[in-house]
file query-v8.txt (compact mmCIF, C-alpha atoms (C1' of nucleotides))
# COMPACT_ATOMS: atom_id res chain seq x y z
CA MET E 105 102.13 100.44 69.14
CA MET E 106 100.87 99.19 72.52
CA SER E 107 101.07 101.70 75.37
CA LYS E 108 103.32 100.91 78.30
CA LYS E 109 100.26 100.84 80.56
CA LYS E 110 98.72 98.04 78.51
CA ILE E 111 101.99 96.13 78.40
CA ILE E 112 102.19 96.29 82.20
CA LEU E 113 98.56 95.15 82.50
CA LYS E 114 99.18 92.20 80.17
CA HIS E 115 102.26 90.91 81.97
CA ALA E 116 100.78 91.48 85.42
CA THR E 117 97.74 89.42 84.38
CA SER E 118 99.98 86.54 83.38
CA LEU E 119 102.17 86.72 86.48
CA PHE E 120 99.29 87.11 88.96
CA ALA E 121 97.50 84.18 87.31
CA ARG E 122 100.51 81.86 87.34
CA GLN E 123 102.23 82.82 90.59
CA GLY E 124 99.43 84.39 92.61
CA PHE E 125 99.12 87.94 93.95
CA LYS E 126 101.43 87.66 96.96
CA GLY E 127 103.71 85.37 94.97
CA THR E 128 104.42 88.06 92.37
CA ALA E 129 106.87 90.87 93.09
CA MET E 130 106.26 94.22 91.41
CA ALA E 131 109.91 94.01 90.31
CA GLU E 132 109.00 90.96 88.20
CA VAL E 133 106.18 92.85 86.53
CA SER E 134 108.45 95.79 85.79
CA LYS E 135 111.20 93.56 84.41
CA LEU E 136 108.85 91.62 82.10
CA SER E 137 107.19 94.86 80.95
CA ASP E 138 110.54 96.55 80.34
CA ALA E 139 109.46 99.42 82.57
CA ALA E 140 110.95 100.94 85.71
CA SER E 141 109.20 100.04 88.94
CA GLY E 142 108.22 103.67 89.34
CA THR E 143 106.33 103.56 86.03
CA ILE E 144 103.94 100.93 87.39
CA PHE E 145 103.12 103.14 90.36
CA TYR E 146 102.74 106.09 88.03
CA HIS E 147 99.93 104.27 86.17
CA PHE E 148 98.46 102.29 89.08
CA THR E 149 98.35 103.72 92.59
CA SER E 150 99.14 100.40 94.29
CA LYS E 151 99.57 96.68 93.71
CA GLU E 152 95.93 96.19 94.73
CA ALA E 153 94.78 98.88 92.28
CA LEU E 154 96.70 97.03 89.56
CA LEU E 155 94.74 93.86 90.40
CA ILE E 156 91.43 95.72 90.23
CA ALA E 157 92.40 97.17 86.83
CA ILE E 158 93.25 93.66 85.62
CA LEU E 159 89.87 92.30 86.77
CA GLU E 160 88.06 95.21 85.13
CA HIS E 161 89.87 94.49 81.87
CA VAL E 162 89.25 90.72 82.07
CA LYS E 163 85.57 91.40 82.71
CA ALA E 164 85.32 93.73 79.72
CA VAL E 165 87.07 91.27 77.40
CA ILE E 166 84.99 88.25 78.44
CA ILE E 167 81.67 90.11 78.25
CA ARG E 168 82.55 91.59 74.85
CA LYS E 169 83.66 88.23 73.45
CA PHE E 170 80.44 86.53 74.51
CA GLU E 171 78.33 89.35 73.04
CA ILE E 172 80.12 89.01 69.72
CA TYR E 173 79.70 85.24 69.87
CA GLN E 174 75.97 85.45 70.54
CA ARG E 175 75.36 87.92 67.71
CA ALA E 176 77.37 85.86 65.24
CA HIS E 177 75.62 82.53 65.88
CA GLN E 178 72.17 81.36 64.98
CA PHE E 179 70.72 78.15 66.43
CA GLU E 180 67.85 75.97 65.36
CA ASN E 181 66.59 75.68 68.92
CA GLY E 182 67.42 76.36 72.58
CA PHE E 183 69.02 72.99 73.13
CA GLN E 184 71.57 73.62 70.40
CA MET E 185 72.16 77.05 71.98
CA VAL E 186 73.19 75.33 75.22
CA GLU E 187 75.51 72.99 73.33
CA GLY E 188 77.00 76.00 71.56
CA ALA E 189 77.51 77.81 74.88
CA VAL E 190 79.27 74.80 76.45
CA THR E 191 81.54 74.40 73.43
CA TYR E 192 82.36 78.10 73.29
CA TYR E 193 83.08 78.24 77.01
CA LEU E 194 85.65 75.44 76.70
CA GLN E 195 87.12 77.08 73.62
CA LEU E 196 87.42 80.48 75.32
CA ALA E 197 89.06 78.96 78.40
CA ALA E 198 91.68 77.41 76.11
CA GLU E 199 92.14 80.72 74.27
CA MET E 200 92.54 82.83 77.41
CA PRO E 201 94.28 80.54 79.91
CA ASP E 202 95.76 83.35 82.01
CA GLU E 203 92.44 85.12 82.42
CA PHE E 204 90.58 81.94 83.39
CA LEU E 205 93.37 80.88 85.72
CA LEU E 206 93.13 84.27 87.43
CA LEU E 207 89.37 83.86 87.89
CA HIS E 208 89.95 80.38 89.30
CA ARG E 209 92.36 81.58 91.97
CA HIS E 210 91.20 82.53 95.40
CA PHE E 211 92.69 85.97 95.90
CA PRO E 212 90.23 87.93 93.71
CA TYR E 213 87.34 86.56 95.81
CA GLN E 214 89.20 87.38 99.00
CA LEU E 215 89.64 90.97 97.87
CA ALA E 216 85.98 91.05 96.79
CA GLU E 217 84.97 90.57 100.42
CA VAL E 218 86.41 93.97 101.39
CA ASN E 219 86.43 95.80 98.05
CA PRO E 220 83.00 96.48 96.47
CA GLU E 221 84.49 97.40 93.09
CA CYS E 222 86.29 94.07 92.92
CA ARG E 223 83.12 92.28 93.96
CA ARG E 224 81.16 94.06 91.20
CA HIS E 225 83.60 93.01 88.48
CA LEU E 226 83.51 89.36 89.54
CA GLU E 227 79.73 89.31 89.84
CA GLU E 228 79.33 90.80 86.38
CA VAL E 229 81.58 88.13 84.87
CA TYR E 230 79.64 85.32 86.55
CA ASN E 231 76.26 86.82 85.74
CA CYS E 232 77.26 87.16 82.10
CA LEU E 233 78.35 83.52 81.92
CA VAL E 234 75.39 82.03 83.81
CA ASP E 235 72.95 84.25 81.87
CA ILE E 236 74.11 82.70 78.61
CA PHE E 237 73.13 79.26 79.87
CA GLU E 238 69.90 80.55 81.38
CA ASN E 239 68.83 82.35 78.19
CA ALA E 240 69.52 79.24 76.14
CA ILE E 241 67.45 77.13 78.56
CA ASN E 242 64.57 79.62 78.46
CA THR E 243 64.67 79.60 74.67
CA GLY E 244 64.71 75.81 74.64
CA GLN E 245 61.74 75.62 77.00
CA ALA E 246 59.79 77.99 74.76
CA ASP E 247 60.50 75.95 71.61
CA GLY E 248 60.08 72.58 73.32
CA SER E 249 63.65 71.33 72.88
CA ILE E 250 64.33 71.48 76.64
CA GLY E 251 62.24 70.07 79.51
CA MET E 252 60.58 72.24 82.16
CA LEU E 253 63.34 72.50 84.74
CA PRO E 254 63.97 75.61 86.89
CA ALA E 255 66.03 77.65 84.38
CA ARG E 256 68.36 79.63 86.67
CA LYS E 257 69.25 76.75 88.95
CA THR E 258 69.83 74.37 86.05
CA ALA E 259 72.01 77.04 84.41
CA LEU E 260 74.08 77.26 87.61
CA ILE E 261 74.53 73.48 87.74
CA LEU E 262 75.50 73.35 84.08
CA PHE E 263 77.96 76.19 84.54
CA SER E 264 79.39 74.51 87.62
CA THR E 265 79.98 71.32 85.62
CA VAL E 266 81.63 72.99 82.63
CA ASP E 267 83.75 75.26 84.79
CA GLY E 268 84.80 72.25 86.89
CA ILE E 269 86.07 70.51 83.74
CA VAL E 270 88.09 73.61 82.84
CA ARG E 271 89.57 73.51 86.34
CA PHE E 272 90.57 69.85 85.97
CA ASN E 273 92.57 71.03 82.99
CA THR E 274 94.15 73.93 84.84
CA TYR E 275 95.23 71.75 87.75
CA LYS E 276 96.48 69.10 85.34
CA LEU E 277 94.31 66.46 86.98
CA TYR E 278 92.49 65.44 83.81
CA ASP E 279 92.45 66.53 80.17
CA ALA E 280 89.28 68.42 79.32
CA GLY E 281 89.37 67.39 75.67
CA THR E 282 88.81 63.70 76.41
CA LEU E 283 85.67 64.54 78.40
CA TYR E 284 84.07 66.73 75.72
CA LYS E 285 81.85 64.10 74.12
CA GLU E 286 80.61 62.78 77.48
CA LEU E 287 80.06 66.31 78.77
CA LEU E 288 77.69 67.09 75.89
CA ALA E 289 75.94 63.74 76.43
CA CYS E 290 75.35 64.65 80.10
CA CYS E 291 73.95 68.06 79.10
CA SER E 292 71.64 66.36 76.67
CA ARG E 293 70.36 63.95 79.35
CA ILE E 294 69.84 66.75 81.88
CA LEU E 295 67.93 68.97 79.49
CA GLN E 296 65.93 66.47 77.40
CA SER E 297 62.19 67.09 77.30
CA GLY E 298 59.51 64.48 77.88
CA MET T 261 96.05 66.81 125.98
CA MET T 262 96.85 67.74 122.36
CA SER T 263 100.55 67.94 121.54
CA LYS T 264 101.98 71.28 120.49
CA LYS T 265 102.80 69.81 117.08
CA LYS T 266 99.13 68.99 116.45
CA ILE T 267 98.02 72.40 117.68
CA ILE T 268 100.42 74.05 115.22
CA LEU T 269 99.16 71.81 112.40
CA LYS T 270 95.54 72.68 113.16
CA HIS T 271 96.02 76.44 113.21
CA ALA T 272 98.32 76.42 110.19
CA THR T 273 95.63 74.53 108.23
CA SER T 274 93.08 77.19 109.07
CA LEU T 275 95.39 80.12 108.31
CA PHE T 276 96.76 78.69 105.05
CA ALA T 277 93.21 77.91 103.90
CA ARG T 278 91.82 81.36 104.72
CA GLN T 279 94.76 83.62 103.90
CA GLY T 280 96.81 81.54 101.48
CA PHE T 281 100.36 80.24 101.85
CA LYS T 282 102.27 83.41 101.03
CA GLY T 283 99.60 85.42 102.81
CA THR T 284 100.27 83.72 106.13
CA ALA T 285 103.29 84.67 108.25
CA MET T 286 104.84 81.99 110.43
CA ALA T 287 104.55 84.53 113.27
CA GLU T 288 100.75 84.33 112.92
CA VAL T 289 100.83 80.55 113.18
CA SER T 290 103.07 80.72 116.26
CA LYS T 291 100.87 83.35 117.92
CA LEU T 292 97.63 81.40 117.35
CA SER T 293 99.29 78.16 118.48
CA ASP T 294 100.73 79.82 121.58
CA ALA T 295 104.19 78.56 120.60
CA ALA T 296 107.48 80.32 119.96
CA SER T 297 108.40 80.73 116.32
CA GLY T 298 111.37 78.44 116.90
CA THR T 299 109.05 75.65 118.02
CA ILE T 300 107.43 75.49 114.57
CA PHE T 301 110.82 75.07 112.92
CA TYR T 302 111.76 72.47 115.52
CA HIS T 303 108.81 70.30 114.44
CA PHE T 304 108.75 71.20 110.71
CA THR T 305 111.94 71.88 108.79
CA SER T 306 110.44 74.73 106.74
CA LYS T 307 107.22 76.53 105.88
CA GLU T 308 106.88 74.30 102.82
CA ALA T 309 107.39 71.15 104.92
CA LEU T 310 104.59 72.38 107.18
CA LEU T 311 102.31 72.64 104.13
CA ILE T 312 103.21 69.10 103.05
CA ALA T 313 102.47 67.80 106.55
CA ILE T 314 99.09 69.57 106.45
CA LEU T 315 98.21 68.01 103.08
CA GLU T 316 99.26 64.57 104.30
CA HIS T 317 97.00 64.98 107.33
CA VAL T 318 94.07 66.28 105.26
CA LYS T 319 94.47 63.34 102.89
CA ALA T 320 94.48 60.84 105.76
CA VAL T 321 91.39 62.37 107.39
CA ILE T 322 89.34 62.54 104.16
CA ILE T 323 90.23 59.01 103.07
CA ARG T 324 89.48 57.61 106.54
CA LYS T 325 86.14 59.44 106.75
CA PHE T 326 85.00 58.10 103.39
CA GLU T 327 86.04 54.55 104.29
CA ILE T 328 84.02 54.72 107.49
CA TYR T 329 81.08 56.17 105.56
CA GLN T 330 81.15 53.42 102.94
CA ARG T 331 81.30 50.64 105.54
CA ALA T 332 78.46 52.14 107.58
CA HIS T 333 75.99 52.56 104.70
CA GLN T 334 74.01 49.99 102.75
CA PHE T 335 72.16 50.91 99.57
CA GLU T 336 69.39 49.20 97.67
CA ASN T 337 71.12 49.81 94.36
CA GLY T 338 73.97 51.65 92.64
CA PHE T 339 71.88 54.70 91.82
CA GLN T 340 71.10 55.28 95.47
CA MET T 341 74.80 54.83 96.18
CA VAL T 342 75.55 57.76 93.88
CA GLU T 343 72.91 59.89 95.58
CA GLY T 344 74.42 58.96 98.93
CA ALA T 345 77.91 59.91 97.72
CA VAL T 346 76.72 63.32 96.46
CA THR T 347 74.92 64.03 99.72
CA TYR T 348 77.86 62.92 101.85
CA TYR T 349 80.31 65.00 99.80
CA LEU T 350 78.27 68.17 100.39
CA GLN T 351 77.93 67.30 104.06
CA LEU T 352 81.67 66.69 104.48
CA ALA T 353 82.55 69.95 102.74
CA ALA T 354 80.31 71.77 105.23
CA GLU T 355 81.89 69.86 108.14
CA MET T 356 85.50 70.52 107.12
CA PRO T 357 85.45 73.97 105.52
CA ASP T 358 89.12 74.74 106.14
CA GLU T 359 90.30 71.47 104.59
CA PHE T 360 88.11 71.85 101.49
CA LEU T 361 89.06 75.51 101.14
CA LEU T 362 92.71 74.47 101.22
CA LEU T 363 92.13 71.89 98.49
CA HIS T 364 90.30 74.51 96.42
CA ARG T 365 93.19 76.97 96.55
CA HIS T 366 95.82 77.04 93.88
CA PHE T 367 99.06 76.86 95.85
CA PRO T 368 98.95 73.13 96.71
CA TYR T 369 98.72 72.33 92.97
CA GLN T 370 101.55 74.75 92.22
CA LEU T 371 103.75 73.00 94.76
CA ALA T 372 102.66 69.62 93.33
CA GLU T 373 104.31 70.56 90.04
CA VAL T 374 107.76 70.55 91.64
CA ASN T 375 107.22 68.35 94.70
CA PRO T 376 106.32 64.68 94.02
CA GLU T 377 105.24 64.04 97.63
CA CYS T 378 102.77 66.90 97.43
CA ARG T 379 101.52 65.64 94.07
CA ARG T 380 101.01 62.15 95.52
CA HIS T 381 98.89 63.43 98.42
CA LEU T 382 96.65 65.46 96.12
CA GLU T 383 96.25 62.63 93.62
CA GLU T 384 95.30 60.20 96.38
CA VAL T 385 92.60 62.56 97.66
CA TYR T 386 91.12 63.01 94.16
CA ASN T 387 91.35 59.32 93.32
CA CYS T 388 89.57 58.45 96.55
CA LEU T 389 86.77 60.91 95.80
CA VAL T 390 86.29 60.04 92.13
CA ASP T 391 86.53 56.28 92.90
CA ILE T 392 83.51 56.55 95.18
CA PHE T 393 81.42 57.86 92.31
CA GLU T 394 82.90 55.36 89.86
CA ASN T 395 82.25 52.37 92.16
CA ALA T 396 78.68 53.49 92.68
CA ILE T 397 78.17 53.82 88.91
CA ASN T 398 79.67 50.37 88.28
CA THR T 399 77.39 48.88 90.92
CA GLY T 400 74.39 50.61 89.36
CA GLN T 401 75.26 49.37 85.91
CA ALA T 402 75.50 45.82 87.25
CA ASP T 403 72.10 46.00 88.98
CA GLY T 404 70.41 47.91 86.14
CA SER T 405 69.66 51.11 88.09
CA ILE T 406 72.14 53.14 86.00
CA GLY T 407 72.46 53.32 82.19
CA MET T 408 75.51 52.12 80.28
CA LEU T 409 77.67 55.25 80.28
CA PRO T 410 81.48 55.21 80.49
CA ALA T 411 81.86 54.86 84.27
CA ARG T 412 85.13 56.74 84.93
CA LYS T 413 84.34 59.69 82.70
CA THR T 414 80.82 60.03 84.04
CA ALA T 415 82.24 59.85 87.59
CA LEU T 416 84.61 62.72 86.74
CA ILE T 417 81.78 64.84 85.35
CA LEU T 418 79.62 64.15 88.38
CA PHE T 419 82.48 64.97 90.72
CA SER T 420 83.20 68.14 88.77
CA THR T 421 79.56 69.24 89.17
CA VAL T 422 79.32 68.54 92.90
CA ASP T 423 82.71 70.08 93.62
CA GLY T 424 81.73 73.15 91.58
CA ILE T 425 78.66 73.62 93.77
CA VAL T 426 80.85 73.43 96.89
CA ARG T 427 83.07 76.09 95.33
CA PHE T 428 80.08 78.40 94.67
CA ASN T 429 79.51 78.20 98.39
CA THR T 430 83.13 78.89 99.28
CA TYR T 431 83.30 81.92 97.02
CA LYS T 432 79.95 83.13 98.34
CA LEU T 433 78.54 83.30 94.81
CA TYR T 434 75.59 81.01 95.46
CA ASP T 435 74.25 78.99 98.37
CA ALA T 436 74.80 75.24 97.84
CA GLY T 437 71.79 74.30 99.98
CA THR T 438 69.28 75.85 97.60
CA LEU T 439 70.69 73.82 94.70
CA TYR T 440 70.60 70.46 96.49
CA LYS T 441 67.25 69.23 95.15
CA GLU T 442 68.05 70.25 91.57
CA LEU T 443 71.52 68.74 91.82
CA LEU T 444 70.07 65.34 92.70
CA ALA T 445 67.53 65.70 89.89
CA CYS T 446 70.35 66.34 87.40
CA CYS T 447 72.26 63.29 88.66
CA SER T 448 69.11 61.22 88.22
CA ARG T 449 68.67 62.42 84.63
CA ILE T 450 72.32 61.80 83.75
CA LEU T 451 72.36 58.29 85.17
CA GLN T 452 68.87 57.00 84.32
CA SER T 453 68.79 53.74 82.42
CA GLY T 454 66.72 53.04 79.30
C1' DC N 184 110.73 127.51 68.42
C1' DT N 185 109.29 127.27 73.74
C1' DA N 186 107.03 126.06 77.79
C1' DA N 187 104.17 123.23 80.18
C1' DA N 188 102.46 118.73 80.95
C1' DA N 189 102.79 113.93 80.86
C1' DA N 190 105.48 109.77 80.90
C1' DC N 191 109.15 107.56 82.70
C1' DT N 192 113.36 106.34 85.56
C1' DG N 193 115.89 103.80 89.27
C1' DA N 194 118.11 104.48 93.65
C1' DC N 195 116.37 104.41 98.08
C1' DT N 196 113.55 103.38 102.47
C1' DG N 197 111.21 101.20 106.07
C1' DA N 198 108.66 97.22 106.92
C1' DT N 199 108.05 92.39 106.88
C1' DC N 200 109.35 87.74 106.87
C1' DA N 201 111.49 82.86 106.94
C1' DA N 202 114.86 80.78 109.13
C1' DT N 203 118.67 80.40 112.60
C1' DC N 204 120.86 79.53 116.83
C1' DA N 205 122.53 79.92 121.45
C1' DG N 206 120.47 78.92 125.39
C1' DT N 207 116.68 77.32 129.17
C1' DC N 208 114.53 73.76 131.61
C1' DA N 209 111.92 69.63 133.06
C1' DG N 210 112.48 65.06 133.08
C1' DT N 211 115.28 60.63 132.50
C1' DT N 212 119.33 57.67 132.76
C1' DT N 213 123.76 56.36 134.52
C1' DA O 156 124.65 63.91 141.75
C1' DA O 157 126.33 64.04 137.31
C1' DA O 158 125.40 63.48 132.52
C1' DC O 159 122.25 63.55 129.09
C1' DT O 160 117.89 64.31 126.24
C1' DG O 161 114.60 66.65 123.60
C1' DA O 162 110.90 70.06 123.64
C1' DC O 163 110.76 74.74 123.58
C1' DT O 164 112.17 79.82 123.49
C1' DG O 165 112.76 84.48 121.34
C1' DA O 166 116.23 87.77 119.85
C1' DT O 167 118.65 88.22 115.70
C1' DT O 168 119.76 88.22 110.72
C1' DG O 169 119.84 88.69 105.87
C1' DA O 170 116.74 88.84 102.18
C1' DT O 171 112.82 90.55 99.94
C1' DC O 172 109.37 93.72 98.83
C1' DA O 173 105.80 97.66 98.13
C1' DG O 174 105.92 102.11 97.60
C1' DT O 175 108.41 106.97 97.21
C1' DC O 176 110.63 110.73 95.17
C1' DA O 177 113.78 113.80 92.94
C1' DG O 178 115.14 114.12 88.64
C1' DT O 179 115.14 113.12 83.35
C1' DT O 180 113.05 112.41 78.87
C1' DT O 181 109.22 112.67 75.69
C1' DT O 182 105.00 114.54 74.04
C1' DT O 183 101.74 118.09 73.34
C1' DA O 184 100.05 122.75 72.62
C1' DG O 185 100.52 127.60 71.73
call {"tool": "encode", "arguments": {"input": "query-v8.txt", "output": "structure tokens"}}
result
Amino acid sequence: MMSKKKIILKHATSLFARQGFKGTAMAEVSKLSDAASGTIFYHFTSKEALLIAILEHVKAVIIRKFEIYQRAHQFENGFQMVEGAVTYYLQLAAEMPDEFLLLHRHFPYQLAEVNPECRRHLEEVYNCLVDIFENAINTGQADGSIGMLPARKTALILFSTVDGIVRFNTYKLYDAGTLYKELLACCSRILQSG
Amino acid sequence: MMSKKKIILKHATSLFARQGFKGTAMAEVSKLSDAASGTIFYHFTSKEALLIAILEHVKAVIIRKFEIYQRAHQFENGFQMVEGAVTYYLQLAAEMPDEFLLLHRHFPYQLAEVNPECRRHLEEVYNCLVDIFENAINTGQADGSIGMLPARKTALILFSTVDGIVRFNTYKLYDAGTLYKELLACCSRILQSG
DNA sequence: CTAAAAACTGACTGATCAATCAGTCAGTTT
DNA sequence: AAACTGACTGATTGATCAGTCAGTTTTTAG
């Protein structure tokens, strides 16, 4: 049985992601969670504290999932590691739409400017994600499957591209699935050695 | 002398971009514009109508600026046209931070789901921007400076990358300037012929 | 069992906000 | 000089919302 605190966290994540922070009334969260409004403030000191708790949880889930993924997969070379990372990133974004939508909204970054804890959570998520690309590039440069580009900067550009495609999907401007093949082809061209 | 309506539009753009739609009180707009709250509702029927008017104006400005840019520049070949488009996009985003911030927020796309006029404005902005990349790629494929990739899809991926870099800047996660050289290098690798 | 602690409830409060509307006033037309 | 126009004003209103609190139920520990 899921605790009421976790139920509240789950529904608040979904509502904040879909309707925004200011656009979500605590009464909506309490209704969806089948909890009295007072219960939310019993578990979380304020609406802002609820948002921080959500971000902390999202961070923990994403970091854990990527660690599990990395341990479970073996690649022939660094280039295939990058391809794997791109594919898994798209897959994860489809699996956790609320969490990715939340990270694509502006209000967490606005709060991060005045709240160091919030800033830390967001930085850790982004570092985790960019590190995956960077590690794969470093591996590929060591085994010769990837050309000698600046690893961190190329990782940032790659991440920016993949994340942009996910955003197209979110905003319903273009379907990510139809770009998958071309996205991998672009990665291949960017990273090719020689 | 700027009309009061334009002054309101200007300050509302800035406030909506920085604080969000729900996060901005009409009283703030009226204070910054040095107008009575009633004046805003005299010119715009509602807060939502004000947002639509802002998006229409942003669309008009961006489309006009890119038309002027394209007429004023001559390129040796299609590949240099792409480089020019990337450079100009980054430059424009730095010149019009409020407008780009607004387009990077989630609420215009949320409104677009229920308001066809809003959806039209946003689509026209994105079509204008992606078309610039697509035209350049088509030109390059005709003159041999760009390889035979699917033009529209490659344009979308390129746009997604460049726009992602602008977003890094907005969210203060990474400075776009330091990625400029590597960004152009990636474009070159993606588009190279042969 | 009992007593204390923890979890939970929902009516209530004060603040905030979008939108309204009766009215002012400078300028134009009849 | 009378009638009219349209930009502008700001006090007011009804709705909404985050957060509180006094009290109830459930769980835990001795």
call {"tool": "residues_around", "arguments": {"input": "query-v8.txt", "residues": "segment 174-183 of chain O", "least_positions_apart": "4", "cutoff": "10 Å", "atoms": "all atoms listed in the file", "output": "short mmCIF file (atom, residue, chain, number, x, y, z; two decimals) with C-alpha atoms (C1' of nucleotides), in the coordinates of the input"}}
result
data_model
loop_
_atom_site.label_atom_id
_atom_site.label_comp_id
_atom_site.auth_asym_id
_atom_site.auth_seq_id
_atom_site.Cartn_x
_atom_site.Cartn_y
_atom_site.Cartn_z
CA SER E 141 109.20 100.04 88.94
CA GLY E 142 108.22 103.67 89.34
CA PHE E 145 103.12 103.14 90.36
CA THR E 149 98.35 103.72 92.59
CA SER E 150 99.14 100.40 94.29
CA LYS E 151 99.57 96.68 93.71
"C1'" DA N 187 104.17 123.23 80.18
"C1'" DA N 188 102.46 118.73 80.95
"C1'" DA N 189 102.79 113.93 80.86
"C1'" DA N 190 105.48 109.77 80.90
"C1'" DC N 191 109.15 107.56 82.70
"C1'" DT N 192 113.36 106.34 85.56
"C1'" DA N 194 118.11 104.48 93.65
"C1'" DC N 195 116.37 104.41 98.08
"C1'" DT N 196 113.55 103.38 102.47
#
call {"tool": "closest_atom_pairs", "arguments": {"input": "query-v8.txt", "of": "chain O", "to": "chain T", "cutoff": "12 Å", "atoms": "only C-alpha atoms (C1' of nucleotides)", "output": "tab-separated table"}}
result
residue	atom	partner	partner_atom	distance
O:DG161	C1'	T:Tyr302	CA	10.4
O:DA162	C1'	T:Thr299	CA	8.1
O:DC163	C1'	T:Thr299	CA	5.9
O:DT164	C1'	T:Ala296	CA	5.9
O:DG165	C1'	T:Ala296	CA	6.9
O:DA166	C1'	T:Gly298	CA	10.9
call {"tool": "interface_residues", "arguments": {"input": "query-v8.txt", "of": "chain N", "to": "chain T", "cutoff": "9 Å", "atoms": "only C-alpha atoms (C1' of nucleotides)", "output": "list in words"}}
result
DC200, DA201, DA202 and DT203 of chain N
call {"tool": "closest_atom_pairs", "arguments": {"input": "query-v8.txt", "of": "chain T", "to": "chain E", "cutoff": "7 Å", "atoms": "all atoms listed in the file", "output": "CSV"}}
result
residue,atom,partner,partner_atom,distance
T:Lys282,CA,E:Lys126,CA,5.9
T:Gly283,CA,E:Lys126,CA,6.5
T:Arg365,CA,E:His210,CA,6.0
T:His366,CA,E:Arg209,CA,6.0
T:Tyr369,CA,E:Tyr275,CA,6.3
T:Lys413,CA,E:Leu283,CA,6.6
T:Ile417,CA,E:Thr265,CA,6.7
T:Ser420,CA,E:Gly268,CA,4.8
T:Thr421,CA,E:Thr265,CA,4.1
T:Gly424,CA,E:Ser264,CA,4.8
T:Ile425,CA,E:Ser264,CA,6.3
T:Tyr431,CA,E:Tyr213,CA,6.3
T:Leu439,CA,E:Lys257,CA,6.6
T:Leu443,CA,E:Ile261,CA,6.9
T:Cys446,CA,E:Ile294,CA,5.6
T:Arg449,CA,E:Ile294,CA,5.3
T:Ile450,CA,E:Arg293,CA,5.3
call {"tool": "atom_distance", "arguments": {"input": "query-v8.txt", "atom1": "atom CA of Ile406 of chain T", "atom2": "atom CA of Ser453 of chain T"}}
result
4.9 Å
call {"tool": "atom_distance", "arguments": {"input": "query-v8.txt", "atom1": "atom CA of Ser290 of chain T", "atom2": "atom C1' of DA198 of chain N"}}
result
19.8 Å
call {"tool": "atom_distance", "arguments": {"input": "query-v8.txt", "atom1": "atom CA of Leu444 of chain T", "atom2": "atom CA of Leu389 of chain T"}}
result
17.6 Å
call {"tool": "residues_around", "arguments": {"input": "query-v8.txt", "residues": "DT211 of chain N", "least_positions_apart": "6", "cutoff": "12 Å", "atoms": "all atoms listed in the file", "output": "ChimeraX atom specification"}}
result
/O:158-161
call {"tool": "write_last_selection", "arguments": {"input": "query-v8.txt", "atoms": "C-alpha atoms (C1' of nucleotides)", "output": "CSV table (one decimal), keeping the file's coordinate frame"}}
result
chain,number,residue,atom,x,y,z
O,158,DA,C1',125.4,63.5,132.5
O,159,DC,C1',122.2,63.6,129.1
O,160,DT,C1',117.9,64.3,126.2
O,161,DG,C1',114.6,66.6,123.6
call {"tool": "residues_around", "arguments": {"input": "query-v8.txt", "residues": "segment 176-188 of chain E", "least_positions_apart": "6", "cutoff": "7 Å", "atoms": "only C-alpha atoms (C1' of nucleotides)", "output": "NGL selection string"}}
result
:E and (237 or 240-241 or 243-244 or 247 or 249-250 or 288)
call {"tool": "decode", "arguments": {"input": "query-v8.txt", "residues": "segment 433-442 of chain T", "atoms": "N, CA and C atoms", "output": "PDB file, in the first residue's frame"}}
result
ATOM      1  N   LEU T 433      22.219  27.381 -17.645  1.00  0.00           N
ATOM      2  CA  LEU T 433      22.892  26.110 -17.415  1.00  0.00           C
ATOM      3  C   LEU T 433      24.252  26.086 -18.107  1.00  0.00           C
ATOM      4  N   TYR T 434      24.350  26.819 -19.226  1.00  0.00           N
ATOM      5  CA  TYR T 434      25.607  26.836 -19.960  1.00  0.00           C
ATOM      6  C   TYR T 434      25.626  28.052 -20.877  1.00  0.00           C
ATOM      7  N   ASP T 435      26.780  28.657 -21.047  1.00  0.00           N
ATOM      8  CA  ASP T 435      26.874  29.864 -21.859  1.00  0.00           C
ATOM      9  C   ASP T 435      26.968  29.520 -23.353  1.00  0.00           C
ATOM     10  N   ALA T 436      25.978  30.022 -24.128  1.00  0.00           N
ATOM     11  CA  ALA T 436      25.897  29.700 -25.550  1.00  0.00           C
ATOM     12  C   ALA T 436      27.155  30.119 -26.303  1.00  0.00           C
ATOM     13  N   GLY T 437      27.724  31.249 -25.937  1.00  0.00           N
ATOM     14  CA  GLY T 437      28.891  31.785 -26.642  1.00  0.00           C
ATOM     15  C   GLY T 437      30.038  30.797 -26.724  1.00  0.00           C
ATOM     16  N   THR T 438      30.288  30.079 -25.625  1.00  0.00           N
ATOM     17  CA  THR T 438      31.429  29.170 -25.586  1.00  0.00           C
ATOM     18  C   THR T 438      31.195  27.916 -26.431  1.00  0.00           C
ATOM     19  N   LEU T 439      29.953  27.701 -26.870  1.00  0.00           N
ATOM     20  CA  LEU T 439      29.660  26.526 -27.683  1.00  0.00           C
ATOM     21  C   LEU T 439      29.589  26.858 -29.173  1.00  0.00           C
ATOM     22  N   TYR T 440      29.721  28.152 -29.502  1.00  0.00           N
ATOM     23  CA  TYR T 440      29.480  28.609 -30.874  1.00  0.00           C
ATOM     24  C   TYR T 440      30.356  27.897 -31.906  1.00  0.00           C
ATOM     25  N   LYS T 441      31.660  27.861 -31.626  1.00  0.00           N
ATOM     26  CA  LYS T 441      32.604  27.249 -32.572  1.00  0.00           C
ATOM     27  C   LYS T 441      32.274  25.768 -32.800  1.00  0.00           C
ATOM     28  N   GLU T 442      32.027  25.059 -31.693  1.00  0.00           N
ATOM     29  CA  GLU T 442      31.741  23.626 -31.783  1.00  0.00           C
ATOM     30  C   GLU T 442      30.391  23.375 -32.457  1.00  0.00           C
TER      31      GLU T 442
END
